[in-house]
>>> print(open('protein24.pdb').read())   # PDB, C-alpha atoms
MODEL        1
ATOM      1  CA  ALA N   1     -30.047  -4.081  15.063
ATOM      2  CA  THR N   2     -29.984  -4.847  11.366
ATOM      3  CA  ALA N   3     -27.252  -3.588   9.053
ATOM      4  CA  ALA N   4     -27.872  -1.522   5.947
ATOM      5  CA  SER N   5     -26.350  -2.648   2.682
ATOM      6  CA  GLY N   6     -23.012  -1.309   1.517
ATOM      7  CA  LEU N   7     -20.508   0.552   3.651
ATOM      8  CA  ALA N   8     -22.124   1.286   6.965
ATOM      9  CA  SER N   9     -21.935   4.706   8.561
ATOM     10  CA  PRO N  10     -19.907   5.114  11.738
ATOM     11  CA  VAL N  11     -23.045   5.506  13.859
ATOM     12  CA  ARG N  12     -24.634   2.325  12.515
ATOM     13  CA  LEU N  13     -21.454   0.449  13.224
ATOM     14  CA  THR N  14     -21.655   1.204  16.938
ATOM     15  CA  ALA N  15     -24.648  -1.097  17.180
ATOM     16  CA  TRP N  16     -22.692  -3.986  15.725
ATOM     17  CA  ARG N  17     -20.134  -4.166  18.483
ATOM     18  CA  ASN N  18     -19.611  -7.205  20.611
ATOM     19  CA  PRO N  19     -22.296  -7.465  23.302
ATOM     20  CA  ARG N  20     -19.637  -7.394  26.006
ATOM     21  CA  TYR N  21     -19.253  -3.676  25.297
ATOM     22  CA  GLY N  22     -22.779  -3.110  26.529
ATOM     23  CA  VAL N  23     -24.446  -1.968  23.299
ATOM     24  CA  THR N  24     -27.718  -3.710  22.581
ATOM     25  CA  ASP N  25     -29.975  -1.064  21.048
ATOM     26  CA  MET N  26     -29.407   1.429  18.226
ATOM     27  CA  SER N  27     -31.485   4.239  19.738
ATOM     28  CA  ASP N  28     -29.751   3.939  23.103
ATOM     29  CA  GLU N  29     -26.340   4.254  21.474
ATOM     30  CA  LEU N  30     -27.396   7.277  19.441
ATOM     31  CA  ALA N  31     -28.648   8.968  22.587
ATOM     32  CA  LYS N  32     -25.425   8.242  24.435
ATOM     33  CA  ALA N  33     -23.291   9.574  21.591
ATOM     34  CA  ALA N  34     -25.318  12.763  21.369
ATOM     35  CA  HIS N  35     -25.303  13.266  25.142
ATOM     36  CA  HIS N  36     -21.546  12.901  25.503
ATOM     37  CA  HIS N  37     -20.721  14.680  22.219
ATOM     38  CA  LEU N  38     -18.701  11.695  21.115
ATOM     39  CA  PRO N  39     -17.019  11.738  17.701
ATOM     40  CA  ASP N  40     -18.113   9.355  14.972
ATOM     41  CA  VAL N  41     -16.710   5.932  15.746
ATOM     42  CA  GLU N  42     -16.144   2.809  13.725
ATOM     43  CA  THR N  43     -16.285  -0.693  15.042
ATOM     44  CA  HIS N  44     -16.645  -3.962  13.219
ATOM     45  CA  PRO N  45     -19.735  -5.989  12.304
ATOM     46  CA  PRO N  46     -20.082  -9.463  13.803
ATOM     47  CA  GLY N  47     -17.657 -12.053  12.534
ATOM     48  CA  VAL N  48     -14.577  -9.894  11.974
ATOM     49  CA  GLU N  49     -13.408  -9.249  15.542
ATOM     50  CA  HIS N  50     -10.842 -12.039  15.181
ATOM     51  CA  PRO N  51      -9.024 -13.441  12.136
ATOM     52  CA  SER N  52     -10.530 -16.574  10.653
ATOM     53  CA  HIS N  53      -8.623 -19.830  10.477
ATOM     54  CA  LEU N  54      -8.268 -19.290   6.722
ATOM     55  CA  LEU N  55      -6.555 -15.926   7.242
ATOM     56  CA  TRP N  56      -4.206 -17.468   9.797
ATOM     57  CA  ALA N  57      -3.373 -20.279   7.373
ATOM     58  CA  ILE N  58      -2.689 -17.827   4.542
ATOM     59  CA  GLY N  59      -0.483 -15.781   6.831
ATOM     60  CA  PHE N  60       1.632 -18.727   7.958
ATOM     61  CA  LEU N  61       1.902 -20.086   4.412
ATOM     62  CA  SER N  62       2.953 -16.698   3.046
ATOM     63  CA  ALA N  63       5.559 -16.290   5.768
ATOM     64  CA  ALA N  64       6.978 -19.766   5.097
ATOM     65  CA  VAL N  65       7.187 -19.168   1.341
ATOM     66  CA  GLY N  66       8.787 -15.786   1.923
ATOM     67  CA  VAL N  67      11.477 -17.188   4.204
ATOM     68  CA  ALA N  68      12.251 -19.975   1.706
ATOM     69  CA  LEU N  69      12.541 -17.557  -1.209
ATOM     70  CA  ILE N  70      14.710 -15.085   0.669
ATOM     71  CA  LEU N  71      17.045 -17.796   1.967
ATOM     72  CA  GLY N  72      17.341 -19.384  -1.469
ATOM     73  CA  PHE N  73      18.002 -16.052  -3.134
ATOM     74  CA  THR N  74      20.531 -15.019  -0.489
ATOM     75  CA  ILE N  75      22.483 -18.244  -0.853
ATOM     76  CA  ALA N  76      22.445 -18.588  -4.638
ATOM     77  CA  ARG N  77      21.485 -15.120  -5.936
ATOM     78  CA  TYR N  78      20.448 -16.816  -9.179
ATOM     79  CA  PRO N  79      17.040 -17.870 -10.540
ATOM     80  CA  PHE N  80      15.715 -21.110  -9.126
ATOM     81  CA  GLY N  81      15.379 -24.170 -11.326
ATOM     82  CA  PHE N  82      11.617 -23.820 -11.570
ATOM     83  CA  ASP N  83      12.029 -20.192 -12.671
ATOM     84  CA  ARG N  84      13.657 -21.204 -15.955
ATOM     85  CA  GLN N  85      11.292 -24.129 -16.518
ATOM     86  CA  LEU N  86       8.115 -22.085 -16.038
ATOM     87  CA  LEU N  87       9.355 -19.147 -18.077
ATOM     88  CA  LEU N  88      10.274 -21.392 -21.028
ATOM     89  CA  ALA N  89       7.012 -23.357 -20.678
ATOM     90  CA  LEU N  90       5.111 -20.164 -21.486
ATOM     91  CA  ARG N  91       6.940 -19.744 -24.836
ATOM     92  CA  GLN N  92       6.747 -21.618 -28.118
ATOM     93  CA  PRO N  93       9.351 -24.427 -28.246
ATOM     94  CA  GLY N  94      12.520 -23.099 -29.847
ATOM     95  CA  ASN N  95      11.106 -19.574 -30.099
ATOM     96  CA  PRO N  96      11.566 -17.590 -26.850
ATOM     97  CA  GLY N  97      10.106 -14.476 -28.440
ATOM     98  CA  THR N  98       6.624 -15.958 -29.012
ATOM     99  CA  PRO N  99       4.288 -16.746 -26.082
ATOM    100  CA  ILE N 100       2.013 -19.752 -26.044
ATOM    101  CA  GLY N 101      -1.713 -19.358 -26.592
ATOM    102  CA  PRO N 102      -3.844 -17.381 -29.024
ATOM    103  CA  GLU N 103      -3.275 -13.739 -29.882
ATOM    104  CA  TRP N 104      -6.131 -12.546 -27.688
ATOM    105  CA  LEU N 105      -4.437 -14.071 -24.628
ATOM    106  CA  HIS N 106      -1.331 -11.995 -25.300
ATOM    107  CA  HIS N 107      -3.406  -8.795 -25.414
ATOM    108  CA  ALA N 108      -5.398  -9.835 -22.359
ATOM    109  CA  MET N 109      -2.218 -10.326 -20.340
ATOM    110  CA  ILE N 110      -1.050  -6.843 -21.291
ATOM    111  CA  ASP N 111      -4.392  -5.455 -20.097
ATOM    112  CA  PHE N 112      -4.228  -7.452 -16.868
ATOM    113  CA  THR N 113      -0.701  -6.311 -16.111
ATOM    114  CA  ALA N 114      -1.826  -2.689 -16.441
ATOM    115  CA  LEU N 115      -4.138  -3.234 -13.449
ATOM    116  CA  GLY N 116      -1.007  -3.502 -11.295
ATOM    117  CA  GLY N 117       0.582  -0.323 -12.619
ATOM    118  CA  GLY N 118       1.138   2.769 -10.533
ATOM    119  CA  THR N 119      -1.513   4.906 -12.251
ATOM    120  CA  VAL N 120      -4.318   2.361 -11.834
ATOM    121  CA  LEU N 121      -3.411   1.469  -8.246
ATOM    122  CA  THR N 122      -3.137   5.115  -7.214
ATOM    123  CA  SER N 123      -6.500   5.887  -8.819
ATOM    124  CA  ILE N 124      -8.156   3.000  -6.973
ATOM    125  CA  VAL N 125      -6.759   4.167  -3.632
ATOM    126  CA  VAL N 126      -7.899   7.754  -4.262
ATOM    127  CA  VAL N 127     -11.415   6.600  -5.204
ATOM    128  CA  ALA N 128     -11.607   4.360  -2.145
ATOM    129  CA  LEU N 129     -10.434   7.164   0.139
ATOM    130  CA  GLY N 130     -13.040   9.485  -1.364
ATOM    131  CA  LEU N 131     -15.811   6.970  -0.690
ATOM    132  CA  LEU N 132     -14.644   6.415   2.877
ATOM    133  CA  ALA N 133     -14.468  10.168   3.450
ATOM    134  CA  VAL N 134     -18.004  10.644   2.125
ATOM    135  CA  ARG N 135     -19.202   7.964   4.539
ATOM    136  CA  ARG N 136     -17.156   9.575   7.350
ATOM    137  CA  LEU N 137     -15.253   6.360   8.004
ATOM    138  CA  TRP N 138     -12.138   8.216   9.101
ATOM    139  CA  LEU N 139     -10.418   5.369  10.896
ATOM    140  CA  THR N 140     -10.791   3.108   7.887
ATOM    141  CA  ALA N 141      -9.581   5.870   5.569
ATOM    142  CA  GLY N 142      -6.542   6.458   7.754
ATOM    143  CA  LEU N 143      -5.686   2.754   7.730
ATOM    144  CA  VAL N 144      -6.015   2.586   3.949
ATOM    145  CA  LEU N 145      -3.876   5.678   3.403
ATOM    146  CA  ALA N 146      -1.118   4.620   5.804
ATOM    147  CA  SER N 147      -0.985   1.007   4.630
ATOM    148  CA  THR N 148      -0.782   1.866   0.931
ATOM    149  CA  LEU N 149       1.792   4.652   1.302
ATOM    150  CA  LEU N 150       4.069   2.641   3.578
ATOM    151  CA  GLY N 151       3.554  -0.461   1.433
ATOM    152  CA  SER N 152       4.739   1.298  -1.722
ATOM    153  CA  ILE N 153       7.875   2.412   0.107
ATOM    154  CA  LEU N 154       8.461  -1.152   1.309
ATOM    155  CA  SER N 155       8.152  -2.503  -2.236
ATOM    156  CA  ALA N 156      10.654  -0.011  -3.641
ATOM    157  CA  GLN N 157      13.179  -0.612  -0.875
ATOM    158  CA  ALA N 158      12.931  -4.388  -1.256
ATOM    159  CA  LYS N 159      13.950  -4.125  -4.914
ATOM    160  CA  LEU N 160      16.998  -2.056  -3.999
ATOM    161  CA  LEU N 161      17.933  -4.509  -1.261
ATOM    162  CA  PHE N 162      17.986  -7.633  -3.444
ATOM    163  CA  ALA N 163      18.958  -5.975  -6.761
ATOM    164  CA  ARG N 164      18.154  -8.961  -8.989
ATOM    165  CA  PRO N 165      18.257  -8.184 -12.740
ATOM    166  CA  ARG N 166      15.345  -8.885 -15.049
ATOM    167  CA  PRO N 167      15.094 -12.240 -16.852
ATOM    168  CA  ASP N 168      17.137 -12.485 -20.039
ATOM    169  CA  LEU N 169      16.034 -16.008 -20.875
ATOM    170  CA  VAL N 170      13.088 -14.895 -23.058
ATOM    171  CA  ASP N 171      12.074 -11.721 -24.853
ATOM    172  CA  HIS N 172      10.165  -9.098 -22.878
ATOM    173  CA  LEU N 173       6.723  -8.570 -24.412
ATOM    174  CA  VAL N 174       6.248  -5.169 -22.744
ATOM    175  CA  GLU N 175       8.694  -2.396 -21.992
ATOM    176  CA  VAL N 176      10.082  -2.496 -18.448
ATOM    177  CA  ARG N 177      12.821  -0.893 -16.421
ATOM    178  CA  GLY N 178      14.278  -1.328 -12.967
ATOM    179  CA  LEU N 179      15.086  -4.400 -10.929
ATOM    180  CA  SER N 180      13.275  -7.711 -10.717
ATOM    181  CA  PHE N 181      13.022  -9.108  -7.162
ATOM    182  CA  PRO N 182      10.387  -8.862  -5.831
ATOM    183  CA  SER N 183       7.975  -8.055  -8.644
ATOM    184  CA  GLY N 184       6.728  -4.508  -8.156
ATOM    185  CA  HIS N 185       3.418  -5.245  -9.866
ATOM    186  CA  ALA N 186       2.834  -8.383  -7.782
ATOM    187  CA  THR N 187       3.894  -6.695  -4.545
ATOM    188  CA  ASN N 188       2.010  -3.447  -5.030
ATOM    189  CA  SER N 189      -1.157  -5.110  -6.342
ATOM    190  CA  ALA N 190      -1.180  -7.449  -3.339
ATOM    191  CA  ILE N 191      -0.520  -4.541  -0.984
ATOM    192  CA  ILE N 192      -3.225  -2.359  -2.527
ATOM    193  CA  TYR N 193      -5.961  -4.820  -3.480
ATOM    194  CA  LEU N 194      -5.607  -7.248  -0.577
ATOM    195  CA  THR N 195      -5.038  -4.625   2.113
ATOM    196  CA  LEU N 196      -7.871  -2.476   0.805
ATOM    197  CA  ALA N 197     -10.212  -5.470   0.692
ATOM    198  CA  LEU N 198      -9.348  -6.722   4.180
ATOM    199  CA  ILE N 199      -9.584  -3.293   5.811
ATOM    200  CA  ILE N 200     -12.855  -2.395   4.097
ATOM    201  CA  SER N 201     -14.289  -5.814   4.945
ATOM    202  CA  GLN N 202     -14.141  -4.749   8.586
ATOM    203  CA  VAL N 203     -16.857  -2.154   8.002
ATOM    204  CA  VAL N 204     -19.000  -4.023   5.467
ATOM    205  CA  PRO N 205     -21.944  -6.027   6.845
ATOM    206  CA  GLY N 206     -22.696  -9.458   5.457
ATOM    207  CA  ARG N 207     -20.360 -12.434   5.237
ATOM    208  CA  ARG N 208     -21.082 -12.997   1.561
ATOM    209  CA  THR N 209     -20.347  -9.372   0.703
ATOM    210  CA  ARG N 210     -17.044  -9.506   2.565
ATOM    211  CA  ALA N 211     -16.145 -12.811   0.909
ATOM    212  CA  TYR N 212     -16.893 -11.339  -2.524
ATOM    213  CA  ILE N 213     -14.709  -8.263  -1.929
ATOM    214  CA  ILE N 214     -11.785 -10.342  -0.700
ATOM    215  CA  GLY N 215     -12.262 -12.898  -3.488
ATOM    216  CA  VAL N 216     -12.096 -10.211  -6.179
ATOM    217  CA  ALA N 217      -8.936  -8.791  -4.602
ATOM    218  CA  VAL N 218      -7.296 -12.236  -4.543
ATOM    219  CA  LEU N 219      -8.287 -12.869  -8.174
ATOM    220  CA  LEU N 220      -6.896  -9.533  -9.380
ATOM    221  CA  THR N 221      -3.651 -10.030  -7.496
ATOM    222  CA  THR N 222      -3.235 -13.539  -8.895
ATOM    223  CA  VAL N 223      -3.933 -12.598 -12.509
ATOM    224  CA  ILE N 224      -1.605  -9.589 -12.371
ATOM    225  CA  GLY N 225       1.224 -11.725 -11.032
ATOM    226  CA  ILE N 226       0.717 -14.414 -13.674
ATOM    227  CA  SER N 227       0.717 -11.779 -16.405
ATOM    228  CA  ARG N 228       4.190 -10.590 -15.363
ATOM    229  CA  VAL N 229       5.616 -14.079 -15.857
ATOM    230  CA  TYR N 230       3.699 -14.634 -19.099
ATOM    231  CA  LEU N 231       5.088 -11.408 -20.525
ATOM    232  CA  GLY N 232       8.620 -12.496 -19.631
ATOM    233  CA  VAL N 233       9.479  -9.502 -17.448
ATOM    234  CA  HIS N 234       9.766 -11.392 -14.140
ATOM    235  CA  TRP N 235      10.960 -14.733 -12.857
ATOM    236  CA  PRO N 236       8.164 -16.716 -11.152
ATOM    237  CA  SER N 237       9.999 -16.415  -7.834
ATOM    238  CA  ASP N 238       9.843 -12.608  -8.190
ATOM    239  CA  VAL N 239       6.064 -12.823  -8.345
ATOM    240  CA  MET N 240       5.843 -15.340  -5.501
ATOM    241  CA  ALA N 241       7.896 -13.039  -3.323
ATOM    242  CA  GLY N 242       5.604 -10.128  -4.198
ATOM    243  CA  TRP N 243       2.509 -12.131  -3.309
ATOM    244  CA  THR N 244       4.124 -13.163  -0.033
ATOM    245  CA  ILE N 245       5.053  -9.622   0.977
ATOM    246  CA  GLY N 246       1.643  -8.258   0.006
ATOM    247  CA  SER N 247      -0.299 -11.000   1.787
ATOM    248  CA  CYS N 248       1.634 -10.616   5.035
ATOM    249  CA  TRP N 249       1.305  -6.845   4.784
ATOM    250  CA  ALA N 250      -2.462  -7.031   4.285
ATOM    251  CA  LEU N 251      -2.923  -9.424   7.202
ATOM    252  CA  ALA N 252      -0.806  -7.218   9.465
ATOM    253  CA  TRP N 253      -2.933  -4.165   8.693
ATOM    254  CA  TRP N 254      -6.122  -6.193   9.090
ATOM    255  CA  SER N 255      -4.940  -7.140  12.577
ATOM    256  CA  LEU N 256      -4.068  -3.538  13.405
ATOM    257  CA  GLY N 257      -7.470  -2.375  12.176
ATOM    258  CA  ALA N 258      -9.309  -4.993  14.226
ATOM    259  CA  TRP N 259      -7.329  -4.037  17.341
ATOM    260  CA  LEU N 260      -8.003  -0.317  16.883
ATOM    261  CA  ARG N 261     -11.728  -0.879  16.351
ATOM    262  CA  GLY N 262     -11.881  -2.960  19.493
ATOM    263  CA  ARG N 263     -10.169  -0.162  21.450
ATOM    264  CA  VAL N 264     -12.572   2.397  20.025
ATOM    265  CA  GLY N 265     -15.548   0.246  20.986
ATOM    266  CA  GLN N 266     -14.312  -0.129  24.557
ATOM    267  CA  ARG N 267     -13.662   3.603  24.910
ATOM    268  CA  VAL N 268     -17.102   4.563  23.614
ATOM    269  CA  ALA N 269     -18.765   2.000  25.832
ATOM    270  CA  ARG N 270     -17.005   3.390  28.899
ATOM    271  CA  ALA N 271     -17.902   6.955  27.909
ATOM    272  CA  GLY N 272     -21.552   5.982  27.521
ATOM    273  CA  GLU N 273     -21.886   4.381  30.947
TER     274      GLU N 273
ENDMDL
END
>>> encode(input="protein24.pdb", output="structure tokens")
Amino acid sequence: ATAASGLASPVRLTAWRNPRYGVTDMSDELAKAAHHHLPDVETHPPGVEHPSHLLWAIGFLSAAVGVALILGFTIARYPFGFDRQLLLALRQPGNPGTPIGPEWLHHAMIDFTALGGGTVLTSIVVVALGLLAVRRLWLTAGLVLASTLLGSILSAQAKLLFARPRPDLVDHLVEVRGLSFPSGHATNSAIIYLTLALIISQVVPGRRTRAYIIGVAVLLTTVIGISRVYLGVHWPSDVMAGWTIGSCWALAWWSLGAWLRGRVGQRVARAGE
């Protein structure tokens, strides 16, 4: 069966399951679902049943960076050497209150950092949930809702656990409050954008479409994190820790989503026999 563009409906997705589940024809599956009064189900299109080597590599790299940062912070509880060097490198020599680059770059970084704020991230999640509800992709919607809510709690608790103060080496170019490690903007943007992209990619046909969605999420997360360092409100290690937490979180929920879709596919196949 061929896949329609965009988010596929739950019924279309049943025809994309692995052949070992016994589904080979769209009309046959529709008849089985109607006969057994089965609820709408969501399985994954070809190519997303198992994590790619790239996702595994990102996961291991993120975990390694996270362990190194946490151990270093636990032992020293002070900014790393590269933290001070990078923060000062982004300011005019001898003038810690003036960032490098043209004026438009300063304004652009303020705009980029807003994309990781609570209002924007919440709005994106609400819009995504509305779209998934309209398409009756309830499993995907549930994964998105649970992952984002629990992820925001994780981010807040991590700040309280480490309790690192904000950088005082340079002037803050935007108003901030609260603790520094890990960066809330970096953590929450990674949790929201990356998790949303990976979960939704499980119900989007087309490798290029999935790659585009994930690529945009990675780009947004990266730019938001860089903006926090440029504006002087976070140490680079704060942002790295946020990226690490968010990446591992997204990969964990991707794995959970893939496992649940596989279970759903097996159950529907058995019910249709």
>>> closest_residue(input="protein24.pdb", among="N:Ala190, N:Arg210, N:Val174, N:Ala250", to="Met109 of chain N", atoms="only C-alpha atoms")
N:Val174
>>> resolve_selection(input="protein24.pdb", expression="the PyMOL selection byres ((chain N and resi 151) around 12)", output="PDB file with C-alpha atoms, keeping the file's coordinate frame")
ATOM      1  CA  LEU N 143      -5.686   2.754   7.730  1.00  0.00           C
ATOM      2  CA  VAL N 144      -6.015   2.586   3.949  1.00  0.00           C
ATOM      3  CA  LEU N 145      -3.876   5.678   3.403  1.00  0.00           C
ATOM      4  CA  ALA N 146      -1.118   4.620   5.804  1.00  0.00           C
ATOM      5  CA  SER N 147      -0.985   1.007   4.630  1.00  0.00           C
ATOM      6  CA  THR N 148      -0.782   1.866   0.931  1.00  0.00           C
ATOM      7  CA  LEU N 149       1.792   4.652   1.302  1.00  0.00           C
ATOM      8  CA  LEU N 150       4.069   2.641   3.578  1.00  0.00           C
ATOM      9  CA  SER N 152       4.739   1.298  -1.722  1.00  0.00           C
ATOM     10  CA  ILE N 153       7.875   2.412   0.107  1.00  0.00           C
ATOM     11  CA  LEU N 154       8.461  -1.152   1.309  1.00  0.00           C
ATOM     12  CA  SER N 155       8.152  -2.503  -2.236  1.00  0.00           C
ATOM     13  CA  ALA N 156      10.654  -0.011  -3.641  1.00  0.00           C
ATOM     14  CA  GLN N 157      13.179  -0.612  -0.875  1.00  0.00           C
ATOM     15  CA  ALA N 158      12.931  -4.388  -1.256  1.00  0.00           C
ATOM     16  CA  GLY N 184       6.728  -4.508  -8.156  1.00  0.00           C
ATOM     17  CA  THR N 187       3.894  -6.695  -4.545  1.00  0.00           C
ATOM     18  CA  ASN N 188       2.010  -3.447  -5.030  1.00  0.00           C
ATOM     19  CA  SER N 189      -1.157  -5.110  -6.342  1.00  0.00           C
ATOM     20  CA  ALA N 190      -1.180  -7.449  -3.339  1.00  0.00           C
ATOM     21  CA  ILE N 191      -0.520  -4.541  -0.984  1.00  0.00           C
ATOM     22  CA  ILE N 192      -3.225  -2.359  -2.527  1.00  0.00           C
ATOM     23  CA  TYR N 193      -5.961  -4.820  -3.480  1.00  0.00           C
ATOM     24  CA  LEU N 194      -5.607  -7.248  -0.577  1.00  0.00           C
ATOM     25  CA  THR N 195      -5.038  -4.625   2.113  1.00  0.00           C
ATOM     26  CA  LEU N 196      -7.871  -2.476   0.805  1.00  0.00           C
ATOM     27  CA  GLY N 242       5.604 -10.128  -4.198  1.00  0.00           C
ATOM     28  CA  ILE N 245       5.053  -9.622   0.977  1.00  0.00           C
ATOM     29  CA  GLY N 246       1.643  -8.258   0.006  1.00  0.00           C
ATOM     30  CA  SER N 247      -0.299 -11.000   1.787  1.00  0.00           C
ATOM     31  CA  CYS N 248       1.634 -10.616   5.035  1.00  0.00           C
ATOM     32  CA  TRP N 249       1.305  -6.845   4.784  1.00  0.00           C
ATOM     33  CA  ALA N 250      -2.462  -7.031   4.285  1.00  0.00           C
ATOM     34  CA  ALA N 252      -0.806  -7.218   9.465  1.00  0.00           C
ATOM     35  CA  TRP N 253      -2.933  -4.165   8.693  1.00  0.00           C
TER      36      TRP N 253
END
>>> atom_distance(input="protein24.pdb", atom1="atom CA of Thr221 of chain N", atom2="atom CA of Ala114 of chain N")
11.7 Å
>>> closest_residue(input="protein24.pdb", among="N:Val176, N:Ile100, N:Ala186, N:Ala197", to="Val125 of chain N", atoms="all atoms listed in the file")
N:Ala197
>>> atom_distance(input="protein24.pdb", atom1="atom CA of Ser201 of chain N", atom2="atom CA of Gly225 of chain N")
23.0 Å
>>> atom_distance(input="protein24.pdb", atom1="atom CA of Pro93 of chain N", atom2="atom CA of Val170 of chain N")
11.5 Å
>>> residues_around(input="protein24.pdb", residues="segment 90-92 of chain N", least_positions_apart="6", cutoff="12 Å", atoms="all atoms listed in the file", output="number ranges by chain")
N: 83-84, 98-102, 105-106, 169-173, 226-232, 235-236
>>> axis_aligned_box(input="protein24.pdb", around="segment 151-164 of chain N", padding_each_side="8 Å", output="lines of an AutoDock Vina configuration file")
center_x = 11.3
center_y = -3.3
center_z = -3.8
size_x = 31.4
size_y = 27.4
size_z = 26.4
>>> closest_residue(input="protein24.pdb", among="N:Leu86, N:Ile214, N:Val233, N:Val203", to="Pro165 of chain N", atoms="only C-alpha atoms")
N:Val233
>>> closest_residue(input="protein24.pdb", among="N:Pro182, N:Gly97, N:Gly116, N:Gly130", to="Ala217 of chain N", atoms="all atoms listed in the file")
N:Gly116
>>> residues_around(input="protein24.pdb", residues="Thr209 of chain N", least_positions_apart="4", cutoff="12 Å", atoms="only C-alpha atoms", output="PyMOL selection string")
chain N and resi 5-7+197-198+200-205+213-216
